[in-house]
>>> print(open('structure.txt').read())   # compact mmCIF, C-alpha atoms and all ligand atoms
# COMPACT_ATOMS: atom_id res chain seq x y z
CA MET A 1 0.00 0.00 0.00
CA ASP A 2 1.53 3.34 -1.11
CA LEU A 3 0.92 5.72 1.79
CA TYR A 4 1.83 8.75 -0.35
CA LYS A 5 -0.50 8.10 -3.29
CA PRO A 6 -3.49 9.88 -1.70
CA TYR A 7 -1.43 13.02 -1.06
CA VAL A 8 1.00 13.33 -3.98
CA GLN A 9 -0.47 15.95 -6.32
CA ASN A 10 2.05 16.05 -9.18
CA ASP A 11 5.32 14.66 -10.60
CA ARG A 12 7.51 17.11 -8.72
CA GLN A 13 6.07 15.97 -5.38
CA LYS A 14 6.50 12.33 -6.40
CA LYS A 15 10.19 12.95 -7.15
CA LEU A 16 10.68 14.84 -3.91
CA VAL A 17 9.07 12.18 -1.75
CA ASP A 18 10.93 9.37 -3.54
CA ALA A 19 14.25 11.16 -2.96
CA ALA A 20 13.39 11.63 0.73
CA GLY A 21 12.44 7.95 0.82
CA GLU A 22 15.85 6.84 -0.46
CA LEU A 23 17.55 8.81 2.31
CA ALA A 24 15.07 7.55 4.91
CA ASP A 25 15.70 3.93 3.99
CA MET A 26 19.46 4.42 4.36
CA PHE A 27 19.05 6.21 7.70
CA SER A 28 16.73 3.51 8.98
CA GLU A 29 19.47 0.88 8.64
CA ARG A 30 21.86 2.96 10.78
CA GLY A 31 19.32 4.17 13.35
CA GLU A 32 19.72 1.35 15.83
CA LYS A 33 23.54 1.62 15.94
CA TYR A 34 23.60 5.38 16.43
CA ASP A 35 20.94 5.19 19.11
CA ARG A 36 22.54 2.31 21.00
CA GLU A 37 26.04 3.77 20.85
CA ASP A 38 24.91 7.32 21.61
CA GLN A 39 26.62 8.55 18.48
CA PHE A 40 25.79 11.68 16.60
CA PRO A 41 24.67 10.63 13.08
CA TYR A 42 27.34 12.55 11.11
CA GLN A 43 26.93 10.21 8.15
CA ASN A 44 23.23 11.09 7.80
CA PHE A 45 24.11 14.76 7.55
CA ASP A 46 26.82 14.01 4.97
CA ASP A 47 24.21 12.17 2.92
CA LEU A 48 21.72 15.02 3.26
CA LYS A 49 24.38 17.46 2.06
CA GLN A 50 25.40 15.21 -0.81
CA SER A 51 21.79 14.98 -2.01
CA GLY A 52 21.19 18.74 -1.90
CA TYR A 53 18.37 18.26 0.63
CA GLY A 54 19.42 21.38 2.55
CA ASN A 55 18.84 23.60 -0.50
CA LEU A 56 15.25 22.59 -1.10
CA SER A 57 13.51 25.50 0.63
CA LEU A 58 15.77 28.23 -0.79
CA PRO A 59 14.53 30.55 -3.53
CA LYS A 60 15.04 29.27 -7.06
CA GLU A 61 17.07 32.32 -8.02
CA TYR A 62 19.56 31.46 -5.27
CA GLY A 63 19.93 27.80 -6.20
CA GLY A 64 17.03 26.25 -4.30
CA GLU A 65 13.83 24.45 -5.23
CA GLU A 66 11.50 26.78 -3.33
CA ILE A 67 9.47 23.88 -1.94
CA ASN A 68 6.18 24.92 -0.37
CA LEU A 69 4.73 23.96 3.01
CA TYR A 70 2.81 20.98 1.60
CA GLU A 71 6.00 19.60 0.07
CA LEU A 72 7.98 20.28 3.24
CA VAL A 73 5.48 18.30 5.30
CA MET A 74 5.54 15.41 2.83
CA ILE A 75 9.31 15.02 2.58
CA GLN A 76 9.87 15.52 6.29
CA GLU A 77 7.27 12.91 7.17
CA ARG A 78 8.92 10.43 4.81
CA LEU A 79 12.43 11.25 6.09
CA ALA A 80 11.31 10.71 9.68
CA THR A 81 10.14 7.17 8.89
CA GLY A 82 13.87 6.44 8.59
CA ASP A 83 15.35 8.55 11.38
CA ALA A 84 13.20 11.02 13.29
CA ALA A 85 16.10 12.74 15.01
CA THR A 86 17.86 13.57 11.76
CA ALA A 87 14.56 14.62 10.20
CA LEU A 88 13.68 16.98 13.05
CA SER A 89 17.15 18.55 12.90
CA ILE A 90 17.16 19.20 9.18
CA GLY A 91 13.52 20.27 9.50
CA TRP A 92 14.60 23.29 11.57
CA HIS A 93 17.06 24.24 8.80
CA LEU A 94 14.62 23.77 5.91
CA GLY A 95 11.62 25.27 7.70
CA GLY A 96 13.43 28.33 9.00
CA LEU A 97 14.79 29.06 5.53
CA MET A 98 11.36 28.51 3.99
CA GLU A 99 9.99 31.27 6.19
CA ILE A 100 12.64 33.74 5.02
CA THR A 101 12.16 32.66 1.40
CA GLU A 102 8.43 33.38 1.72
CA THR A 103 8.58 36.61 3.74
CA ARG A 104 11.90 38.04 2.48
CA ALA A 105 12.02 39.65 5.91
CA TRP A 106 15.83 39.96 5.94
CA ASP A 107 18.11 42.39 4.22
CA GLU A 108 18.30 40.74 0.79
CA HIS A 109 22.12 40.88 0.58
CA ILE A 110 22.52 38.95 3.79
CA PHE A 111 19.96 36.35 2.80
CA LYS A 112 21.53 35.96 -0.64
CA ASP A 113 24.97 35.51 0.92
CA LEU A 114 23.63 32.88 3.34
CA CYS A 115 21.94 31.03 0.46
CA ARG A 116 25.24 31.01 -1.44
CA LYS A 117 26.99 29.43 1.55
CA ILE A 118 24.25 26.83 1.86
CA VAL A 119 24.34 25.93 -1.83
CA ASP A 120 28.14 26.10 -2.35
CA ASN A 121 29.47 24.97 1.02
CA LYS A 122 26.47 22.87 2.16
CA ALA A 123 26.20 25.03 5.27
CA LEU A 124 23.62 24.16 7.95
CA ILE A 125 21.70 26.63 10.09
CA ASN A 126 19.27 26.45 13.01
CA ARG A 127 17.51 28.77 15.40
CA ALA A 128 18.83 28.64 18.96
CA ALA A 129 16.04 30.21 20.98
CA THR A 130 15.75 28.08 24.13
CA GLU A 131 17.60 28.90 27.33
CA PRO A 132 17.79 27.21 30.73
CA ALA A 133 16.12 30.22 32.38
CA THR A 134 13.37 30.95 29.86
CA GLY A 135 12.46 27.36 29.02
CA SER A 136 10.44 27.24 25.83
CA PRO A 137 10.72 30.60 24.03
CA THR A 138 7.07 30.27 23.00
CA ARG A 139 6.09 31.04 26.62
CA GLY A 140 7.34 34.60 26.09
CA GLY A 141 10.34 34.83 28.43
CA LEU A 142 12.98 37.39 27.50
CA PRO A 143 16.35 35.79 26.59
CA GLN A 144 19.17 36.14 29.08
CA THR A 145 21.58 36.06 26.17
CA LYS A 146 22.56 39.67 25.79
CA ALA A 147 23.65 41.68 22.74
CA VAL A 148 25.66 44.74 23.70
CA LYS A 149 26.13 47.51 21.15
CA THR A 150 29.75 48.27 20.27
CA ASP A 151 31.36 50.73 17.84
CA GLY A 152 31.56 48.15 15.08
CA GLY A 153 28.43 46.11 15.83
CA TRP A 154 27.52 43.80 18.72
CA THR A 155 28.98 41.60 21.39
CA LEU A 156 26.93 38.54 22.23
CA THR A 157 27.12 36.57 25.48
CA GLY A 158 24.86 33.80 26.72
CA ARG A 159 23.95 30.13 26.66
CA LYS A 160 21.39 28.36 24.51
CA SER A 161 20.07 24.91 25.41
CA PHE A 162 18.37 22.35 23.12
CA THR A 163 20.27 23.41 19.98
CA SER A 164 19.55 20.59 17.55
CA MET A 165 22.48 19.33 15.42
CA ALA A 166 24.79 21.86 17.18
CA ARG A 167 27.81 19.75 16.28
CA VAL A 168 27.32 20.14 12.53
CA LEU A 169 25.91 23.66 12.44
CA ASP A 170 27.76 26.33 10.49
CA TYR A 171 25.42 29.14 11.51
CA SER A 172 22.89 29.82 14.23
CA LEU A 173 20.17 32.35 14.62
CA ILE A 174 20.54 33.35 18.24
CA SER A 175 17.76 35.09 20.10
CA ALA A 176 19.08 37.78 22.44
CA THR A 177 17.88 40.77 24.40
CA ILE A 178 19.09 43.90 22.67
CA ASP A 179 21.33 46.01 24.89
CA ASP A 180 19.39 47.77 27.68
CA THR A 181 16.00 47.31 26.07
CA ASP A 182 13.25 44.76 26.62
CA GLU A 183 13.36 43.92 22.96
CA LYS A 184 14.34 40.57 21.50
CA GLY A 185 16.27 40.18 18.26
CA PHE A 186 17.79 37.34 16.25
CA PHE A 187 21.50 37.47 15.41
CA LEU A 188 23.12 35.49 12.63
CA VAL A 189 26.20 33.87 14.16
CA ASP A 190 28.97 32.05 12.29
CA HIS A 191 30.11 29.08 14.39
CA ASN A 192 33.74 29.68 13.37
CA LEU A 193 33.82 32.93 15.29
CA LYS A 194 35.90 33.23 18.44
CA GLY A 195 33.79 32.73 21.54
CA VAL A 196 31.33 30.23 20.03
CA SER A 197 31.52 26.77 21.60
CA ILE A 198 29.39 23.71 22.19
CA GLU A 199 28.87 21.82 25.41
CA GLU A 200 27.68 18.31 24.80
CA THR A 201 24.85 18.30 27.32
CA TRP A 202 22.36 16.27 25.28
CA ASP A 203 22.01 13.03 27.22
CA THR A 204 18.41 11.97 26.70
CA ILE A 205 16.39 8.84 26.05
CA SER A 206 14.43 10.42 23.20
CA MET A 207 15.53 11.89 19.86
CA LYS A 208 19.10 11.18 20.87
CA GLY A 209 20.47 11.75 17.37
CA THR A 210 19.38 15.39 17.34
CA GLY A 211 22.42 16.13 19.52
CA SER A 212 20.52 19.14 20.88
CA ASP A 213 23.47 20.43 22.90
CA ASP A 214 24.16 23.74 24.61
CA LEU A 215 25.59 26.53 22.50
CA VAL A 216 27.79 28.84 24.55
CA LEU A 217 28.54 32.39 23.41
CA THR A 218 31.32 34.24 25.17
CA ASP A 219 31.91 37.83 24.05
CA VAL A 220 31.29 36.97 20.42
CA HIS A 221 32.01 40.01 18.25
CA LEU A 222 29.52 40.48 15.46
CA PRO A 223 29.07 43.04 12.69
CA ALA A 224 26.11 45.42 12.86
CA SER A 225 24.44 43.53 10.01
CA SER A 226 24.25 40.35 12.11
CA LEU A 227 21.03 41.61 13.72
CA VAL A 228 18.76 40.11 11.07
CA GLU A 229 15.39 40.23 12.86
CA ARG A 230 14.05 42.63 15.51
CA ASP A 231 10.78 42.04 17.31
CA SER A 232 9.72 45.67 16.99
CA SER A 233 10.16 45.87 13.23
CA ALA A 234 9.85 42.24 12.15
CA VAL A 235 8.41 41.93 8.67
CA GLY A 236 5.47 39.54 8.60
CA LYS A 237 5.43 39.06 12.37
CA ASP A 238 1.63 38.80 12.29
CA ILE A 239 1.88 35.83 9.93
CA PRO A 240 1.86 32.51 11.83
CA LYS A 241 4.93 30.29 11.69
CA ALA A 242 3.49 27.61 9.43
CA TRP A 243 6.93 26.10 8.83
CA LEU A 244 6.68 24.60 12.33
CA LEU A 245 4.44 21.95 10.74
CA HIS A 246 7.71 20.11 10.10
CA ILE A 247 7.33 19.07 13.76
CA PRO A 248 4.03 17.12 13.49
CA ALA A 249 5.23 15.80 10.11
CA CYS A 250 8.28 14.36 11.86
CA TYR A 251 6.34 12.63 14.64
CA ILE A 252 3.68 11.19 12.34
CA GLY A 253 6.63 9.82 10.35
CA VAL A 254 7.70 7.96 13.50
CA ALA A 255 4.15 6.62 13.82
CA ILE A 256 4.18 5.41 10.21
CA ALA A 257 7.44 3.55 10.84
CA ALA A 258 5.91 1.90 13.93
CA ARG A 259 2.70 1.08 12.07
CA ASN A 260 4.66 -0.50 9.18
CA TYR A 261 6.71 -2.58 11.57
CA ALA A 262 3.65 -3.76 13.50
CA ILE A 263 1.77 -4.76 10.35
CA GLN A 264 4.74 -6.72 9.05
CA PHE A 265 5.12 -8.36 12.45
CA ALA A 266 1.44 -9.36 12.44
CA LYS A 267 1.92 -11.01 9.04
CA ASP A 268 5.10 -12.85 10.07
CA TYR A 269 4.57 -13.92 13.66
CA SER A 270 2.95 -17.33 14.02
CA PRO A 271 2.95 -18.63 17.61
CA ASN A 272 2.14 -22.33 17.88
CA SER A 273 -1.07 -21.57 19.74
CA LEU A 274 -2.56 -20.40 16.42
CA PRO A 275 -3.03 -22.08 13.03
CA GLY A 276 -1.41 -19.09 11.28
CA PRO A 277 0.03 -15.61 11.85
CA ILE A 278 -1.48 -13.21 14.37
CA LYS A 279 -2.80 -11.02 11.53
CA ASP A 280 -5.82 -13.36 11.42
CA VAL A 281 -6.75 -12.74 15.05
CA PRO A 282 -9.76 -10.35 15.28
CA GLU A 283 -8.22 -8.39 18.16
CA VAL A 284 -5.02 -7.76 16.18
CA GLN A 285 -7.09 -6.69 13.18
CA ARG A 286 -9.04 -4.32 15.40
CA LYS A 287 -5.81 -2.72 16.57
CA ILE A 288 -4.54 -2.41 13.00
CA GLY A 289 -7.82 -0.78 11.99
CA GLU A 290 -7.54 1.65 14.88
CA MET A 291 -4.03 2.63 13.83
CA GLU A 292 -5.23 3.21 10.27
CA LEU A 293 -8.11 5.39 11.46
CA GLU A 294 -5.85 7.49 13.67
CA LEU A 295 -3.29 7.83 10.90
CA PHE A 296 -5.97 8.90 8.42
CA LYS A 297 -7.30 11.52 10.82
CA ALA A 298 -3.84 12.92 11.57
CA ARG A 299 -2.62 13.01 7.98
CA GLN A 300 -5.86 14.48 6.65
CA ILE A 301 -5.63 17.42 9.00
CA LEU A 302 -1.87 17.83 8.45
CA TYR A 303 -2.04 17.78 4.65
CA SER A 304 -5.27 19.74 4.31
CA VAL A 305 -4.07 22.64 6.46
CA ALA A 306 -0.69 22.68 4.67
CA ASP A 307 -2.55 22.68 1.35
CA LYS A 308 -4.76 25.57 2.44
CA TRP A 309 -1.66 27.54 3.42
CA VAL A 310 -0.21 27.01 -0.04
CA ARG A 311 -3.37 27.60 -2.06
CA GLU A 312 -4.95 30.46 -0.12
CA PRO A 313 -2.22 32.92 0.88
CA SER A 314 -4.81 35.59 1.69
CA LYS A 315 -6.03 33.46 4.63
CA ARG A 316 -2.58 32.91 6.18
CA ARG A 317 -2.89 35.64 8.77
CA ASP A 318 -5.95 33.91 10.27
CA MET A 319 -4.49 30.41 10.37
CA ALA A 320 -2.65 30.50 13.71
CA SER A 321 -5.14 28.35 15.61
CA GLU A 322 -5.53 25.90 12.71
CA LEU A 323 -1.76 25.40 12.55
CA ALA A 324 -1.50 25.01 16.32
CA SER A 325 -4.39 22.52 16.31
CA VAL A 326 -2.60 20.44 13.69
CA LYS A 327 0.44 20.19 15.96
CA HIS A 328 -1.74 19.08 18.88
CA VAL A 329 -3.83 16.54 17.00
CA VAL A 330 -1.02 15.03 14.94
CA THR A 331 1.59 14.62 17.67
CA ASN A 332 -0.97 13.08 20.01
CA SER A 333 -2.21 10.75 17.25
CA ALA A 334 1.39 9.76 16.57
CA PHE A 335 1.80 8.93 20.23
CA GLN A 336 -1.35 6.79 20.18
CA ILE A 337 -0.42 4.97 16.96
CA VAL A 338 3.02 4.03 18.32
CA ASP A 339 1.38 2.79 21.52
CA THR A 340 -1.08 0.62 19.59
CA ALA A 341 1.72 -0.70 17.38
CA MET A 342 3.66 -1.64 20.54
CA ARG A 343 0.63 -3.54 21.83
CA ILE A 344 0.45 -5.53 18.57
CA VAL A 345 4.13 -6.48 18.73
CA GLY A 346 4.03 -7.25 22.45
CA ALA A 347 7.05 -7.65 24.70
CA ARG A 348 9.47 -8.12 21.79
CA GLY A 349 9.04 -4.40 21.18
CA LEU A 350 10.82 -3.72 24.46
CA PHE A 351 14.06 -5.37 23.38
CA ARG A 352 16.98 -3.07 22.77
CA ASP A 353 17.51 -4.27 19.20
CA ASN A 354 13.85 -3.82 18.26
CA PRO A 355 13.13 -0.48 16.50
CA MET A 356 9.78 -0.24 18.26
CA GLN A 357 11.30 0.84 21.57
CA ARG A 358 13.15 3.66 19.78
CA TYR A 359 9.93 4.84 18.10
CA TYR A 360 8.25 4.75 21.52
CA ARG A 361 10.99 6.93 23.05
CA ASP A 362 11.27 9.30 20.08
CA VAL A 363 7.57 10.02 19.67
CA ARG A 364 7.41 11.26 23.25
CA ALA A 365 9.57 14.32 22.43
CA GLY A 366 6.83 15.72 20.21
CA LEU A 367 4.97 16.87 23.30
CA HIS A 368 7.84 19.20 24.16
CA ASN A 369 8.25 20.86 20.79
CA PRO A 370 6.20 23.99 20.17
CA PRO A 371 3.40 24.79 20.51
CA MET A 372 2.85 22.74 23.68
CA ASP A 373 -0.60 21.14 24.18
CA ASP A 374 -1.74 23.48 26.96
CA MET A 375 -0.91 26.52 24.83
CA VAL A 376 -2.97 25.18 21.92
CA ILE A 377 -5.96 24.42 24.13
CA GLY A 378 -5.64 27.84 25.79
CA MET A 379 -5.56 29.55 22.39
CA LEU A 380 -8.66 27.71 21.19
CA ALA A 381 -10.56 28.55 24.38
CA LYS A 382 -9.58 32.22 24.13
CA ASN A 383 -10.73 32.39 20.49
CA ALA A 384 -14.02 30.75 21.35
CA LEU A 385 -14.68 33.16 24.21
CA GLU A 386 -13.81 36.31 22.26
C1 LIG A 401 14.10 16.96 20.46
C2 LIG A 401 14.09 18.43 20.72
C3 LIG A 401 14.75 19.30 19.86
C4 LIG A 401 14.76 20.67 20.11
N1 LIG A 401 15.43 21.51 19.26
C5 LIG A 401 15.47 22.85 19.50
C6 LIG A 401 16.23 23.73 18.69
O1 LIG A 401 16.87 23.31 17.75
N2 LIG A 401 16.24 25.06 19.01
C7 LIG A 401 15.55 25.55 20.08
O2 LIG A 401 15.58 26.76 20.32
N3 LIG A 401 14.83 24.73 20.87
C8 LIG A 401 14.78 23.40 20.61
N4 LIG A 401 14.07 22.57 21.45
C9 LIG A 401 13.48 23.12 22.64
C10 LIG A 401 11.98 23.20 22.66
O3 LIG A 401 11.48 24.09 21.69
C11 LIG A 401 11.55 23.65 24.06
O4 LIG A 401 12.02 24.94 24.29
C12 LIG A 401 12.09 22.71 25.12
O5 LIG A 401 11.71 21.40 24.77
C13 LIG A 401 11.60 23.07 26.49
O6 LIG A 401 10.24 22.87 26.54
P1 LIG A 401 9.50 22.66 27.94
O7 LIG A 401 8.06 22.82 27.66
O8 LIG A 401 9.99 21.45 28.63
O9 LIG A 401 10.13 23.90 28.76
P2 LIG A 401 9.66 24.85 29.87
O10 LIG A 401 9.16 26.09 29.23
O11 LIG A 401 10.81 24.94 30.79
O12 LIG A 401 8.45 24.16 30.59
C14 LIG A 401 8.57 23.06 31.50
C15 LIG A 401 7.20 22.82 32.06
O13 LIG A 401 6.84 23.91 32.88
C16 LIG A 401 5.50 24.33 32.67
N5 LIG A 401 5.55 25.74 32.18
C17 LIG A 401 6.66 26.49 31.93
N6 LIG A 401 6.33 27.75 31.61
C18 LIG A 401 5.01 27.83 31.67
C19 LIG A 401 4.07 28.89 31.45
N7 LIG A 401 4.45 30.12 31.11
N8 LIG A 401 2.76 28.60 31.57
C20 LIG A 401 2.35 27.35 31.90
N9 LIG A 401 3.18 26.32 32.13
C21 LIG A 401 4.50 26.56 32.04
C22 LIG A 401 4.90 23.34 31.71
O14 LIG A 401 4.28 22.32 32.46
C23 LIG A 401 6.09 22.71 31.00
O15 LIG A 401 5.85 21.38 30.64
C24 LIG A 401 14.06 21.18 21.22
C25 LIG A 401 13.38 20.31 22.08
C26 LIG A 401 13.39 18.95 21.85
C27 LIG A 401 12.66 18.04 22.79
>>> encode(input="structure.txt", output="structure tokens", more="lines below")
Ligand SMILES: Cc1cc2nc3c(=O)[nH]c(=O)nc-3n(C[C@H](O)[C@H](O)[C@H](O)COP(=O)(O)OP(=O)(O)OC[C@H]3O[C@@H](n4cnc5c(N)ncnc54)[C@H](O)[C@@H]3O)c2cc1C
Amino acid sequence: MDLYKPYVQNDRQKKLVDAAGELADMFSERGEKYDREDQFPYQNFDDLKQSGYGNLSLPKEYGGEEINLYELVMIQERLATGDAATALSIGWHLGGLMEITETRAWDEHIFKDLCRKIVDNKALINRAATEPATGSPTRGGLPQTKAVKTDGGWTLTGRKSFTSMARVLDYSLISATIDDTDEKGFFLVDHNLKGVSIEETWDTISMKGTGSDDLVLTDVHLPASSLVERDSSAVGKDIPKAWLLHIPACYIGVAIAARNYAIQFAKDYSPNSLPGPIKDVPEVQRKIGEMELELFKARQILYSVADKWVREPSKRRDMASELASVKHVVTNSAFQIVDTAMRIVGARGLFRDNPMQRYYRDVRAGLHNPPMDDMVIGMLAKNALE
């Protein structure tokens, strides 16, 4: 059964999803080893670079493919069926660049220069917005990372936690409080600069391969042009961050991998208490049907909202609660599908060399990527009461 047939709309999408599929299948073979040995998956990132995956959301005139949100969701979902941690990491890169490609909110020279480095040098970039003191930046805390104005530009000092793929990043977009103001800005920081270092703090049971370490900035001297986004004058700041749909796409990808494994297991496993494989047992069929229903619900909402974003740009400003609802529904469905898949496989799924236990650990992280469930519910309630 081709899970992409119902959603692929044209040849370009078919090619994109097939290319993501080739990478995913390679990553899937290495996933267990990286996870067990607590290794950062450098080879996955080399393969992504080799394939040009990191260029996909850049503007065509700067060497990209200018993929849209629908395409982003599709390729990220497929990539995550192979390795969710790598998919989430590269999702930050692709999604963040997609936003700038769509809004052109930056000084064009700086964006063009960054695109050149991504295309020519295969550079990787991510936003580093979380800090130990603020927790999730979506809660509104002001960064403790401070940008102090100097004659030539800025000096940046602070610590960012949860910086996915920190070890392979070439650039970061660092959120910082601007001098003595209460205003937040984002600074483009080259990781080769003096004062930029990484502390390998990422020791988790979930999404281990994201290597979401601490990024430490000690008196990093930056040019004036490094302040690429300011809260007070941000272009398009009233447009919701639709690119964050790469998050639910990633976790439903984990659920698809678990679902595929469980279905294959049900076809293959024949205990001697039964005349054939467990796929013929009504209870197992019921569980498979439940997974399919949940997957249908989650993917319908994910793809339909992404499609609306692409086809009806005039409605984008009003889509914040729809986008947030997608995150809530899809990540929770993913969680449920993996749980049901684990129940089909039984205790074998708990063994260290069984991919199911990794899916079970990875899918859990979706709850702690933005927007968090309570924020979504709060937003919906507020809208309803207004
Ligand atoms: C796999 C993974 C990759 C990540 N990659 C990145 C990345 O590349 N870049 C990046 O910047 N971040 C990244 N993050 C960080 C992520 O966006 C969150 O900032 C982080 O997970 C902390 O979320 P939290 O909800 O636990 O934090 P906190 O905000 O510290 O919240 C902890 C708990 O406190 C409560 N709480 C806190 N504040 C409030 C409030 N105001 N109102 C109500 N309840 C509150 C909630 O119960 C919450 O569960 C990543 C996270 C994960 C898990």
>>> residues_around(input="structure.txt", residues="A:Leu244", least_positions_apart="4", cutoff="9 Å", atoms="all atoms listed in the file", output="ChimeraX atom specification")
/A:91-92,95-96,248,323,327,370-371
>>> closest_residue(input="structure.txt", among="A:Pro132, A:Gly52, A:Pro282, A:Gly82", to="A:Gly21", atoms="all atoms listed in the file")
A:Gly82
>>> residues_near_ligand(input="structure.txt", ligand="ligand LIG 401 (chain A)", cutoff="6 Å", atoms="all atoms listed in the file", output="ChimeraX atom specification")
/A:127-130,135-137,139,162-164,207,212,365,368-370
>>> closest_residue(input="structure.txt", among="A:Gly253, A:Gly158, A:Gly153, A:Gly54", to="A:Leu124", atoms="only C-alpha atoms")
A:Gly54
>>> residues_around(input="structure.txt", residues="A:Thr218", least_positions_apart="2", cutoff="9 Å", atoms="all atoms listed in the file", output="list in words")
Thr155, Leu156, Thr157, Gly158, Arg159, Lys194, Gly195, Val196, Ser197, Val216 and Val220 of chain A
>>> closest_residue(input="structure.txt", among="A:Lys146, A:Met165, A:Pro59, A:Pro6", to="A:Asn44", atoms="all atoms listed in the file")
A:Met165
>>> residues_near_point(input="structure.txt", point="(-2.2, 13.3, 20.0)", cutoff="12 Å", atoms="only C-alpha atoms", output="VMD selection string")
chain A and resid 248 251 to 252 255 294 to 295 297 to 298 325 to 339 363 to 364 366 to 367 372 to 373
>>> write_last_selection(input="structure.txt", atoms="C-alpha atoms", output="PDB file, keeping the file's coordinate frame")
ATOM      1  CA  PRO A 248       4.030  17.120  13.490  1.00  0.00           C
ATOM      2  CA  TYR A 251       6.340  12.630  14.640  1.00  0.00           C
ATOM      3  CA  ILE A 252       3.680  11.190  12.340  1.00  0.00           C
ATOM      4  CA  ALA A 255       4.150   6.620  13.820  1.00  0.00           C
ATOM      5  CA  GLU A 294      -5.850   7.490  13.670  1.00  0.00           C
ATOM      6  CA  LEU A 295      -3.290   7.830  10.900  1.00  0.00           C
ATOM      7  CA  LYS A 297      -7.300  11.520  10.820  1.00  0.00           C
ATOM      8  CA  ALA A 298      -3.840  12.920  11.570  1.00  0.00           C
ATOM      9  CA  SER A 325      -4.390  22.520  16.310  1.00  0.00           C
ATOM     10  CA  VAL A 326      -2.600  20.440  13.690  1.00  0.00           C
ATOM     11  CA  LYS A 327       0.440  20.190  15.960  1.00  0.00           C
ATOM     12  CA  HIS A 328      -1.740  19.080  18.880  1.00  0.00           C
ATOM     13  CA  VAL A 329      -3.830  16.540  17.000  1.00  0.00           C
ATOM     14  CA  VAL A 330      -1.020  15.030  14.940  1.00  0.00           C
ATOM     15  CA  THR A 331       1.590  14.620  17.670  1.00  0.00           C
ATOM     16  CA  ASN A 332      -0.970  13.080  20.010  1.00  0.00           C
ATOM     17  CA  SER A 333      -2.210  10.750  17.250  1.00  0.00           C
ATOM     18  CA  ALA A 334       1.390   9.760  16.570  1.00  0.00           C
ATOM     19  CA  PHE A 335       1.800   8.930  20.230  1.00  0.00           C
ATOM     20  CA  GLN A 336      -1.350   6.790  20.180  1.00  0.00           C
ATOM     21  CA  ILE A 337      -0.420   4.970  16.960  1.00  0.00           C
ATOM     22  CA  VAL A 338       3.020   4.030  18.320  1.00  0.00           C
ATOM     23  CA  ASP A 339       1.380   2.790  21.520  1.00  0.00           C
ATOM     24  CA  VAL A 363       7.570  10.020  19.670  1.00  0.00           C
ATOM     25  CA  ARG A 364       7.410  11.260  23.250  1.00  0.00           C
ATOM     26  CA  GLY A 366       6.830  15.720  20.210  1.00  0.00           C
ATOM     27  CA  LEU A 367       4.970  16.870  23.300  1.00  0.00           C
ATOM     28  CA  MET A 372       2.850  22.740  23.680  1.00  0.00           C
ATOM     29  CA  ASP A 373      -0.600  21.140  24.180  1.00  0.00           C
TER      30      ASP A 373
END
>>> residues_around(input="structure.txt", residues="A:Gln144", least_positions_apart="3", cutoff="8 Å", atoms="all atoms listed in the file", output="list of chain:residue names")
A:Glu131, A:Ala133, A:Thr134, A:Gly158, A:Ala176, A:Thr177
>>> atom_distance(input="structure.txt", atom1="atom CA of A:Glu200", atom2="atom CA of A:Arg36")
17.2 Å
>>> atom_distance(input="structure.txt", atom1="atom CA of A:Arg230", atom2="atom CA of A:Trp106")
10.1 Å
>>> closest_residue(input="structure.txt", among="A:Asp38, A:Asp46, A:Asp353, A:Glu290", to="A:Leu23", atoms="all atoms listed in the file")
A:Asp46
